[in-house]
file entry.cif (mmCIF, C-alpha atoms)
data_data
loop_
_atom_site.label_atom_id
_atom_site.label_comp_id
_atom_site.auth_asym_id
_atom_site.auth_seq_id
_atom_site.Cartn_x
_atom_site.Cartn_y
_atom_site.Cartn_z
CA MET X 1 82.79 120.08 114.32
CA ALA X 2 80.07 122.63 113.69
CA ILE X 3 78.24 122.82 110.39
CA SER X 4 79.92 126.11 109.55
CA ASP X 5 83.34 124.45 110.01
CA THR X 6 82.83 121.59 107.55
CA LYS X 7 84.65 121.17 104.28
CA TYR X 8 81.39 121.64 102.33
CA LEU X 9 81.43 125.40 101.90
CA SER X 10 78.84 125.96 99.19
CA ALA X 11 76.50 128.85 99.94
CA ASP X 12 73.48 126.71 99.03
CA TYR X 13 72.34 124.14 101.60
CA ALA X 14 71.23 121.62 98.97
CA ASP X 15 74.65 121.84 97.27
CA ARG X 16 76.40 121.09 100.56
CA VAL X 17 74.20 118.02 101.02
CA GLU X 18 74.89 116.86 97.47
CA GLN X 19 78.66 117.30 97.95
CA ALA X 20 78.55 115.17 101.11
CA ILE X 21 76.47 112.50 99.32
CA GLN X 22 78.97 112.37 96.45
CA ALA X 23 81.83 112.03 98.97
CA HIS X 24 79.88 109.33 100.89
CA ASP X 25 80.46 111.37 104.05
CA VAL X 26 77.86 109.88 106.40
CA ASP X 27 79.21 111.79 109.41
CA ALA X 28 78.67 115.15 107.71
CA LEU X 29 75.16 114.11 106.66
CA VAL X 30 74.27 113.15 110.23
CA GLU X 31 75.61 116.51 111.36
CA PHE X 32 73.51 118.26 108.71
CA ALA X 33 70.39 116.33 109.77
CA TYR X 34 70.66 116.97 113.49
CA GLY X 35 72.70 120.19 113.52
CA TYR X 36 74.85 119.61 116.55
CA PRO X 37 76.05 121.81 118.06
CA CYS X 38 73.43 124.23 116.81
CA ARG X 39 73.90 127.86 117.71
CA CYS X 40 70.78 128.75 115.74
CA ALA X 41 72.27 131.77 114.02
CA LYS X 42 70.03 133.25 111.33
CA ARG X 43 71.30 134.54 108.02
CA LYS X 44 69.72 137.64 106.62
CA GLY X 45 66.70 136.86 104.46
CA GLU X 46 66.27 133.24 105.57
CA PRO X 47 63.17 132.14 107.49
CA LEU X 48 64.92 129.62 109.79
CA CYS X 49 68.26 129.33 111.54
CA VAL X 50 71.22 127.80 109.72
CA CYS X 51 70.86 124.38 111.38
CA GLN X 52 67.19 124.10 110.49
CA MET X 53 67.76 125.21 106.89
CA GLN X 54 70.53 122.61 106.48
CA ALA X 55 68.33 119.90 108.02
CA GLN X 56 65.48 120.72 105.62
CA ALA X 57 67.83 120.52 102.64
CA LEU X 58 69.12 117.14 103.82
CA ARG X 59 65.67 115.68 104.44
CA ALA X 60 64.62 116.68 100.92
CA LYS X 61 67.39 114.45 99.50
CA VAL X 62 68.23 111.74 102.05
CA VAL X 63 66.44 109.52 104.59
CA PRO X 64 68.05 110.52 107.94
CA LEU X 65 67.37 107.24 109.78
CA ALA X 66 69.37 105.20 107.25
CA LEU X 67 72.47 107.29 108.04
CA PHE X 68 72.80 105.58 111.42
CA ALA X 69 73.28 102.28 109.60
CA GLY X 70 76.02 103.90 107.50
CA LYS X 71 73.84 103.98 104.37
CA ILE X 72 72.96 106.93 102.20
CA GLU X 73 69.41 106.36 101.01
CA ARG X 74 67.93 108.98 98.71
CA VAL X 75 64.33 110.10 99.08
#
call {"tool": "encode", "arguments": {"input": "entry.cif", "output": "structure tokens"}}
result
Amino acid sequence: MAISDTKYLSADYADRVEQAIQAHDVDALVEFAYGYPCRCAKRKGEPLCVCQMQAQALRAKVVPLALFAGKIERV
């Protein structure tokens, strides 16, 4: 499942991360962190591609390494 196909459809990357945290959706958070499969499409007005913007938003809120243990650990 690509990031654009997830059930977290907020326009803001940080909101999508927060929704996944509230739902305890570790799989979605791992996808946000590592952006697979990343097509690196840019949205108008954003400095990085969609995958990189989502990864930055996730890393500002969650420790990515803890996700592999099934834990959501806030920064």
call {"tool": "closest_residue", "arguments": {"input": "entry.cif", "among": "X:Val30, X:Leu58, X:Gln52, X:Lys42", "to": "Val17 (chain X)", "atoms": "only C-alpha atoms"}}
result
X:Leu58
call {"tool": "atom_distance", "arguments": {"input": "entry.cif", "atom1": "CA of Tyr13 (chain X)", "atom2": "CA of Gln54 (chain X)"}}
result
5.4 Å
call {"tool": "resolve_selection", "arguments": {"input": "entry.cif", "expression": "the PyMOL selection byres ((chain X and resi 63) around 7)", "output": "number ranges by chain"}}
result
X: 59, 62, 64-66, 73-75
call {"tool": "closest_residue", "arguments": {"input": "entry.cif", "among": "X:Ala20, X:Ala69, X:Val26, X:Ala57", "to": "Lys7 (chain X)", "atoms": "only C-alpha atoms"}}
result
X:Ala20
call {"tool": "atom_distance", "arguments": {"input": "entry.cif", "atom1": "CA of Glu31 (chain X)", "atom2": "CA of Phe68 (chain X)"}}
result
11.3 Å
call {"tool": "resolve_selection", "arguments": {"input": "entry.cif", "expression": "the PyMOL selection byres ((chain X and resi 50) around 12)", "output": "PyMOL selection string"}}
result
chain X and resi 2-4+11-13+32-49+51-57
call {"tool": "atom_distance", "arguments": {"input": "entry.cif", "atom1": "CA of Ala60 (chain X)", "atom2": "CA of Ser10 (chain X)"}}
result
17.1 Å
call {"tool": "residues_around", "arguments": {"input": "entry.cif", "residues": "Gln22 (chain X)", "least_positions_apart": "5", "cutoff": "12 Å", "atoms": "only C-alpha atoms", "output": "list of chain:residue names"}}
result
X:Tyr8, X:Asp15, X:Arg16, X:Val17, X:Ala28, X:Leu29, X:Ile72, X:Arg74
